[in-house]
Amino acid sequence: MSPKNALNAVLIVLALVGSGVALRACNYASETASVVEREVAPAVLLQRYNRFKDTLASLDAIKADIKVYQATRDAIKAGQVDENGKSIPQGQWPQDVRFDYGQSQKEIAGKISAYNKLAGEYNADMSKAQFAFTNVGSLPKGATEALPRAVRDYVDTIN
C-alpha cells in the first residue's frame, strides 16, 4: 500500500470516527432538550404544583387530627378527679379509662409520625430542584399561591 493510500485510509477512518462522535453529541443534545422540555412544560409544572399543594393540605389535616386526639386525651385526664376536684393518680384510674388514655397517646404518636414522614418527603422533593412555583412571580398558569420551599415545623413531642 502506498503512503498516499495509507493516508487516505487513515483520513477516512478519522472522518468516520469524527462523524460518529458528532452524531452521538447531537443525540445527547437532542435528548437533553427533550428532557428539559418535558420537565418544564406548563402542564407538568402545574401538576407538580398541585401535588405539593395537596401534600401541604394533608399536613394541615394531620396537624388538626393531632389537636383532636390531644383534646380527647386531655378530656379523659380531666375527667379523673375525686369529689374534692383533685386529680386522681393515673394508676388509680379504672382500667377502661387507662386503656382509652393510652390508646389516645398511641394515636397521637402515630399522627406525629405520619406528619413528620410526609413533611420529610415534601422537604426532600422540594429540595431536588428550584421549582418556579416557590416564587410569587413565577407561578404556573392556574396556580394561586407560592408554596414554601420546606416544611420546617416537625412535631417532636406529645404535649
# chains A, B, ... in the order shown; residues from 1 in each chain; ligands from 1
>>> residues_around(residues="region 94-109 of chain A", least_positions_apart="4", cutoff="9 Å", atoms="only C-alpha atoms", output="list in words")
Asp65, Ile66, Lys67, Tyr69, Gln70, Thr72, Arg73, Asp74, Ile76, Lys77, Gln80, Gln90, Ser113, Ala114, Thr157 and Ile158 of chain A
>>> select_by_dssp(residues="region 30-115 of chain A", states="alpha helix (DSSP H)", output="PyMOL selection string")
chain A and resi 30-39+42-78+95-115
>>> residues_around(residues="region 138-147 of chain A", least_positions_apart="4", cutoff="7 Å", atoms="only C-alpha atoms", output="mmCIF file with C-alpha atoms, in the first residue's frame")
data_model
loop_
_atom_site.group_PDB
_atom_site.id
_atom_site.type_symbol
_atom_site.label_atom_id
_atom_site.label_comp_id
_atom_site.auth_asym_id
_atom_site.auth_seq_id
_atom_site.Cartn_x
_atom_site.Cartn_y
_atom_site.Cartn_z
ATOM 1 C CA PRO A 42 -46.543 24.229 31.855
ATOM 2 C CA LEU A 45 -45.277 22.297 36.404
ATOM 3 C CA LEU A 46 -48.953 22.765 37.272
ATOM 4 C CA ALA A 132 -40.582 28.234 39.947
ATOM 5 C CA PHE A 133 -43.792 27.903 41.943
ATOM 6 C CA THR A 134 -41.969 28.716 45.173
#
>>> atom_distance(atom1="CA of Asn50 (chain A)", atom2="CA of Asp156 (chain A)")
27.5 Å
>>> atom_distance(atom1="CA of Val151 (chain A)", atom2="CA of Ala119 (chain A)")
5.9 Å
>>> closest_residue(among="A:Asn84, A:Ser19, A:Asn5, A:Thr55", to="Gly120 (chain A)", atoms="only C-alpha atoms")
A:Thr55
>>> atom_distance(atom1="CA of Gly79 (chain A)", atom2="CA of Ala64 (chain A)")
22.7 Å
>>> closest_residue(among="A:Phe131, A:Asp82, A:Lys63, A:Trp93", to="Asn116 (chain A)", atoms="only C-alpha atoms")
A:Lys63
>>> decode(residues="region 12-131 of chain A", atoms="C-alpha atoms", output="compact mmCIF listing (two decimals), in the first residue's frame")
# COMPACT_ATOMS: atom_id res chain seq x y z
CA ILE A 12 -11.41 8.02 6.10
CA VAL A 13 -11.26 6.21 9.47
CA LEU A 14 -10.84 9.53 11.30
CA ALA A 15 -13.75 11.01 9.35
CA LEU A 16 -15.97 8.07 10.26
CA VAL A 17 -14.97 8.24 13.93
CA GLY A 18 -15.44 12.01 13.95
CA SER A 19 -18.87 11.78 12.35
CA GLY A 20 -19.87 9.09 14.89
CA VAL A 21 -18.79 11.34 17.74
CA ALA A 22 -20.63 14.28 16.21
CA LEU A 23 -23.80 12.21 15.78
CA ARG A 24 -23.56 11.00 19.39
CA ALA A 25 -23.15 14.59 20.61
CA CYS A 26 -26.16 15.69 18.59
CA ASN A 27 -28.15 12.79 20.01
CA TYR A 28 -27.23 13.78 23.58
CA ALA A 29 -28.10 17.42 22.89
CA SER A 30 -31.44 16.41 21.40
CA GLU A 31 -32.19 14.07 24.28
CA THR A 32 -31.29 16.76 26.82
CA ALA A 33 -33.55 19.27 25.10
CA SER A 34 -36.38 16.72 25.08
CA VAL A 35 -35.98 16.01 28.82
CA VAL A 36 -35.88 19.72 29.66
CA GLU A 37 -38.97 20.32 27.54
CA ARG A 38 -40.85 17.50 29.31
CA GLU A 39 -39.80 18.64 32.78
CA VAL A 40 -40.65 22.33 32.46
CA ALA A 41 -43.77 22.09 30.34
CA PRO A 42 -46.54 24.23 31.86
CA ALA A 43 -48.83 21.22 32.34
CA VAL A 44 -46.09 19.32 34.17
CA LEU A 45 -45.28 22.30 36.40
CA LEU A 46 -48.95 22.77 37.27
CA GLN A 47 -49.26 19.04 38.07
CA ARG A 48 -46.23 19.22 40.40
CA TYR A 49 -47.54 22.42 41.97
CA ASN A 50 -50.88 20.74 42.70
CA ARG A 51 -49.14 17.67 44.15
CA PHE A 52 -47.10 19.82 46.53
CA LYS A 53 -50.20 21.85 47.42
CA ASP A 54 -52.12 18.62 48.17
CA THR A 55 -49.26 17.48 50.40
CA LEU A 56 -49.43 20.75 52.35
CA ALA A 57 -53.19 20.27 52.77
CA SER A 58 -52.57 16.74 54.06
CA LEU A 59 -50.03 18.09 56.54
CA ASP A 60 -52.58 20.63 57.78
CA ALA A 61 -55.18 17.85 58.17
CA ILE A 62 -52.76 15.71 60.17
CA LYS A 63 -51.98 18.67 62.46
CA ALA A 64 -55.72 19.15 63.02
CA ASP A 65 -56.09 15.44 63.80
CA ILE A 66 -53.28 15.71 66.36
CA LYS A 67 -55.15 18.54 68.10
CA VAL A 68 -58.37 16.50 68.17
CA TYR A 69 -56.59 13.48 69.66
CA GLN A 70 -54.85 15.69 72.21
CA ALA A 71 -58.19 17.24 73.20
CA THR A 72 -59.69 13.76 73.63
CA ARG A 73 -56.74 12.63 75.74
CA ASP A 74 -56.90 15.82 77.83
CA ALA A 75 -60.65 15.34 78.38
CA ILE A 76 -60.05 11.79 79.60
CA LYS A 77 -57.43 13.06 82.03
CA ALA A 78 -59.57 15.99 83.17
CA GLY A 79 -62.44 13.63 83.99
CA GLN A 80 -60.37 11.75 86.52
CA VAL A 81 -60.85 13.82 89.66
CA ASP A 82 -62.07 12.95 93.12
CA GLU A 83 -65.02 14.58 94.96
CA ASN A 84 -62.74 17.45 96.06
CA GLY A 85 -61.70 18.24 92.46
CA LYS A 86 -58.23 16.84 93.00
CA SER A 87 -56.64 14.79 90.19
CA ILE A 88 -56.64 11.05 90.74
CA PRO A 89 -53.24 9.42 90.05
CA GLN A 90 -53.26 7.54 86.76
CA GLY A 91 -52.52 4.23 88.49
CA GLN A 92 -55.88 4.51 90.31
CA TRP A 93 -57.98 5.18 87.21
CA PRO A 94 -60.44 2.49 86.12
CA GLN A 95 -58.90 0.04 83.65
CA ASP A 96 -61.08 1.11 80.71
CA VAL A 97 -60.14 4.77 81.26
CA ARG A 98 -56.43 3.90 81.41
CA PHE A 99 -56.85 1.92 78.18
CA ASP A 100 -58.61 4.84 76.44
CA TYR A 101 -55.94 7.25 77.65
CA GLY A 102 -53.12 5.01 76.45
CA GLN A 103 -54.88 4.47 73.12
CA SER A 104 -55.19 8.23 72.58
CA GLN A 105 -51.46 8.61 73.37
CA LYS A 106 -50.68 5.98 70.71
CA GLU A 107 -52.94 7.69 68.18
CA ILE A 108 -51.18 11.00 68.80
CA ALA A 109 -47.78 9.35 68.38
CA GLY A 110 -48.94 7.72 65.12
CA LYS A 111 -50.22 11.00 63.73
CA ILE A 112 -46.98 12.77 64.69
CA SER A 113 -45.02 10.05 62.92
CA ALA A 114 -47.20 10.37 59.79
CA TYR A 115 -46.81 14.15 59.84
CA ASN A 116 -43.04 14.01 60.17
CA LYS A 117 -42.73 11.41 57.39
CA LEU A 118 -44.86 13.44 54.99
CA ALA A 119 -43.06 16.68 55.90
CA GLY A 120 -39.73 14.98 55.28
CA GLU A 121 -40.88 13.74 51.86
CA TYR A 122 -42.14 17.23 50.99
CA ASN A 123 -38.83 18.78 52.01
CA ALA A 124 -36.78 16.20 50.12
CA ASP A 125 -38.84 16.51 46.94
CA MET A 126 -38.87 20.31 47.09
CA SER A 127 -35.08 20.44 47.57
CA LYS A 128 -34.40 18.40 44.43
CA ALA A 129 -34.93 21.42 42.17
CA GLN A 130 -35.55 25.13 42.30
CA PHE A 131 -39.22 25.00 41.37
